[in-house]
Amino acid sequence: MTIVLRTTQSGNGAATQPFTDVMIHISARVVTADQARRTVNGWLCLEVGDRLQAGEPELLVGEQLLWRVPVQWTSPTQGVLAANIDQVLVDGATGKAIISLTQAQELQTRVETLARSLHATTA
């Protein structure tokens with residue numbers, strides 16, 4: 001599991017220091033990475049297309065605990081064609097995907113563009 005900590009820059013001259021101290025203690029109950037991946041796979045299959053699959057989730061630690069799940073474009077004969085064409089966020093506490101109203105269409109458009117470029121290079 002990868003945990004990504006979001007940072008903010010402070011304007012008080014801290015950028016001149018070469019190091020910062022980090023101490024982390026989190027006690028939270030979150031859905032598992034596998035559950036986040038299954039949630040995204042279900043949405044992809046039902047709303048976008050069967051050639052897309054969820055990749056390895058990363059836990060984002062910030063004001064809210066979120067799983068960031070990359071979307072991969074795949075081929076049954078060649079495996080993964082594009083490893084990270086988009087990302088879906090999953091709420092760590094509820095397990096619900098956080099999806100925009102246009103995200104399915106945007107993913108379909110990206111895949112069509114990738115497919116055209118792949119076809120142009122192999123033709």
# chains A, B, ... in the order shown; residues from 1 in each chain; ligands from 1
>>> residues_around(residues="Val22 in chain A", least_positions_apart="2", cutoff="12 Å", atoms="only C-alpha atoms", output="list in words")
Leu5, Thr7, Phe19, Thr20, Ile24 and His25 of chain A
>>> write_last_selection(atoms="N, CA and C atoms", output="PDB file, in the first residue's frame")
ATOM      1  N   LEU A   5       0.945  11.735   1.153  1.00  0.00           N
ATOM      2  CA  LEU A   5       0.624  12.843   2.039  1.00  0.00           C
ATOM      3  C   LEU A   5       0.617  14.123   1.230  1.00  0.00           C
ATOM      4  N   THR A   7       0.829  18.058   0.778  1.00  0.00           N
ATOM      5  CA  THR A   7       1.518  19.118   1.509  1.00  0.00           C
ATOM      6  C   THR A   7       1.049  20.469   1.017  1.00  0.00           C
ATOM      7  N   PHE A  19      15.079  20.457   5.303  1.00  0.00           N
ATOM      8  CA  PHE A  19      14.359  19.322   5.863  1.00  0.00           C
ATOM      9  C   PHE A  19      13.122  19.800   6.609  1.00  0.00           C
ATOM     10  N   THR A  20      12.207  18.884   6.795  1.00  0.00           N
ATOM     11  CA  THR A  20      11.041  19.137   7.630  1.00  0.00           C
ATOM     12  C   THR A  20      10.810  17.903   8.488  1.00  0.00           C
ATOM     13  N   ILE A  24       3.594  11.020  12.049  1.00  0.00           N
ATOM     14  CA  ILE A  24       2.264  10.613  11.633  1.00  0.00           C
ATOM     15  C   ILE A  24       1.710   9.584  12.608  1.00  0.00           C
ATOM     16  N   HIS A  25       0.523   9.851  13.069  1.00  0.00           N
ATOM     17  CA  HIS A  25      -0.226   8.868  13.850  1.00  0.00           C
ATOM     18  C   HIS A  25      -1.678   9.019  13.433  1.00  0.00           C
TER      19      HIS A  25
END
>>> residues_around(residues="Ala104 in chain A", least_positions_apart="6", cutoff="9 Å", atoms="only C-alpha atoms", output="PyMOL selection string")
chain A and resi 44+47-49
>>> write_last_selection(atoms="N, CA and C atoms", output="mmCIF file, in the first residue's frame")
data_model
loop_
_atom_site.group_PDB
_atom_site.id
_atom_site.type_symbol
_atom_site.label_atom_id
_atom_site.label_comp_id
_atom_site.auth_asym_id
_atom_site.auth_seq_id
_atom_site.Cartn_x
_atom_site.Cartn_y
_atom_site.Cartn_z
ATOM 1 N N LEU A 44 -16.659 1.066 -13.642
ATOM 2 C CA LEU A 44 -16.102 1.044 -14.992
ATOM 3 C C LEU A 44 -16.875 0.084 -15.888
ATOM 4 N N GLU A 47 -20.626 1.528 -16.375
ATOM 5 C CA GLU A 47 -20.844 2.860 -16.925
ATOM 6 C C GLU A 47 -19.897 3.276 -18.054
ATOM 7 N N VAL A 48 -18.752 2.603 -18.174
ATOM 8 C CA VAL A 48 -17.760 3.089 -19.133
ATOM 9 C C VAL A 48 -17.443 2.052 -20.200
ATOM 10 N N GLY A 49 -16.947 0.905 -19.826
ATOM 11 C CA GLY A 49 -16.598 -0.109 -20.815
ATOM 12 C C GLY A 49 -15.826 -1.249 -20.195
#
>>> atom_distance(atom1="CA of Ala82 in chain A", atom2="CA of Asp34 in chain A")
20.8 Å
>>> closest_residue(among="A:Arg51, A:Arg116, A:Arg110, A:Lys96", to="Thr39 in chain A", atoms="only C-alpha atoms")
A:Lys96
>>> residues_around(residues="range 98-103 of chain A", least_positions_apart="3", cutoff="6 Å", atoms="only C-alpha atoms", output="mmCIF file with N, CA and C atoms, in the first residue's frame")
data_model
loop_
_atom_site.group_PDB
_atom_site.id
_atom_site.type_symbol
_atom_site.label_atom_id
_atom_site.label_comp_id
_atom_site.auth_asym_id
_atom_site.auth_seq_id
_atom_site.Cartn_x
_atom_site.Cartn_y
_atom_site.Cartn_z
ATOM 1 N N LEU A 89 -11.529 8.621 -7.412
ATOM 2 C CA LEU A 89 -11.367 8.722 -5.965
ATOM 3 C C LEU A 89 -12.472 7.941 -5.279
ATOM 4 N N VAL A 90 -12.102 7.260 -4.201
ATOM 5 C CA VAL A 90 -13.063 6.510 -3.395
ATOM 6 C C VAL A 90 -12.940 7.000 -1.958
ATOM 7 N N GLU A 106 -15.746 11.344 -20.478
ATOM 8 C CA GLU A 106 -14.353 11.759 -20.663
ATOM 9 C C GLU A 106 -13.444 10.542 -20.811
#
>>> select_by_dssp(residues="chain A", states="strand (DSSP E or B)", output="ChimeraX atom specification")
/A:2-5,52-54,58-61,65-75,79-91,97-98
>>> write_last_selection(atoms="C-alpha atoms", output="PDB file, in the first residue's frame")
ATOM      1  CA  THR A   2       1.196   3.472  -0.858  1.00  0.00           C
ATOM      2  CA  ILE A   3       0.228   6.437   1.285  1.00  0.00           C
ATOM      3  CA  VAL A   4       0.465   9.870  -0.298  1.00  0.00           C
ATOM      4  CA  LEU A   5       0.624  12.843   2.039  1.00  0.00           C
ATOM      5  CA  LEU A  52     -10.979  -0.624 -18.527  1.00  0.00           C
ATOM      6  CA  GLN A  53      -9.874  -1.806 -15.113  1.00  0.00           C
ATOM      7  CA  ALA A  54      -8.797  -0.363 -11.802  1.00  0.00           C
ATOM      8  CA  GLU A  58      -3.046   4.764  -3.191  1.00  0.00           C
ATOM      9  CA  LEU A  59      -4.334   6.113   0.112  1.00  0.00           C
ATOM     10  CA  LEU A  60      -4.382   9.906   0.196  1.00  0.00           C
ATOM     11  CA  VAL A  61      -4.064  11.334   3.681  1.00  0.00           C
ATOM     12  CA  LEU A  65      -8.951   9.819   3.698  1.00  0.00           C
ATOM     13  CA  LEU A  66      -9.360   8.921   0.035  1.00  0.00           C
ATOM     14  CA  TRP A  67      -8.288   6.053  -2.170  1.00  0.00           C
ATOM     15  CA  ARG A  68      -6.929   7.258  -5.517  1.00  0.00           C
ATOM     16  CA  VAL A  69      -7.432   4.449  -8.021  1.00  0.00           C
ATOM     17  CA  PRO A  70      -5.798   4.689 -11.467  1.00  0.00           C
ATOM     18  CA  VAL A  71      -7.786   3.532 -14.494  1.00  0.00           C
ATOM     19  CA  GLN A  72      -6.021   1.254 -16.964  1.00  0.00           C
ATOM     20  CA  TRP A  73      -6.973   0.563 -20.573  1.00  0.00           C
ATOM     21  CA  THR A  74      -6.507  -3.113 -21.352  1.00  0.00           C
ATOM     22  CA  SER A  75      -6.610  -5.595 -24.193  1.00  0.00           C
ATOM     23  CA  GLY A  79      -2.673  -6.800 -21.398  1.00  0.00           C
ATOM     24  CA  VAL A  80      -2.401  -3.205 -20.185  1.00  0.00           C
ATOM     25  CA  LEU A  81      -2.199  -0.749 -23.092  1.00  0.00           C
ATOM     26  CA  ALA A  82      -2.224   2.437 -20.989  1.00  0.00           C
ATOM     27  CA  ALA A  83      -1.537   2.321 -17.255  1.00  0.00           C
ATOM     28  CA  ASN A  84      -3.082   5.565 -16.024  1.00  0.00           C
ATOM     29  CA  ILE A  85      -5.625   7.191 -18.333  1.00  0.00           C
ATOM     30  CA  ASP A  86      -7.586   8.659 -15.426  1.00  0.00           C
ATOM     31  CA  GLN A  87      -8.100   8.316 -11.686  1.00  0.00           C
ATOM     32  CA  VAL A  88     -11.169   7.649  -9.592  1.00  0.00           C
ATOM     33  CA  LEU A  89     -11.367   8.722  -5.965  1.00  0.00           C
ATOM     34  CA  VAL A  90     -13.063   6.510  -3.395  1.00  0.00           C
ATOM     35  CA  ASP A  91     -14.078   7.837   0.022  1.00  0.00           C
ATOM     36  CA  ALA A  97     -16.718   6.396  -5.515  1.00  0.00           C
ATOM     37  CA  ILE A  98     -16.471  10.148  -6.013  1.00  0.00           C
TER      38      ILE A  98
END
>>> atom_distance(atom1="CA of Arg37 in chain A", atom2="CA of Glu56 in chain A")
7.4 Å
>>> closest_residue(among="A:Gln105, A:Gln17, A:Thr94, A:Gln64", to="Val31 in chain A", atoms="only C-alpha atoms")
A:Thr94
>>> closest_residue(among="A:Gln78, A:Ser27, A:Ser117, A:Thr32", to="Gly95 in chain A", atoms="only C-alpha atoms")
A:Thr32
>>> select_by_dssp(residues="chain A", states="helix (DSSP H, G or I)", output="number ranges by chain")
A: 14-16, 33-48, 103-122
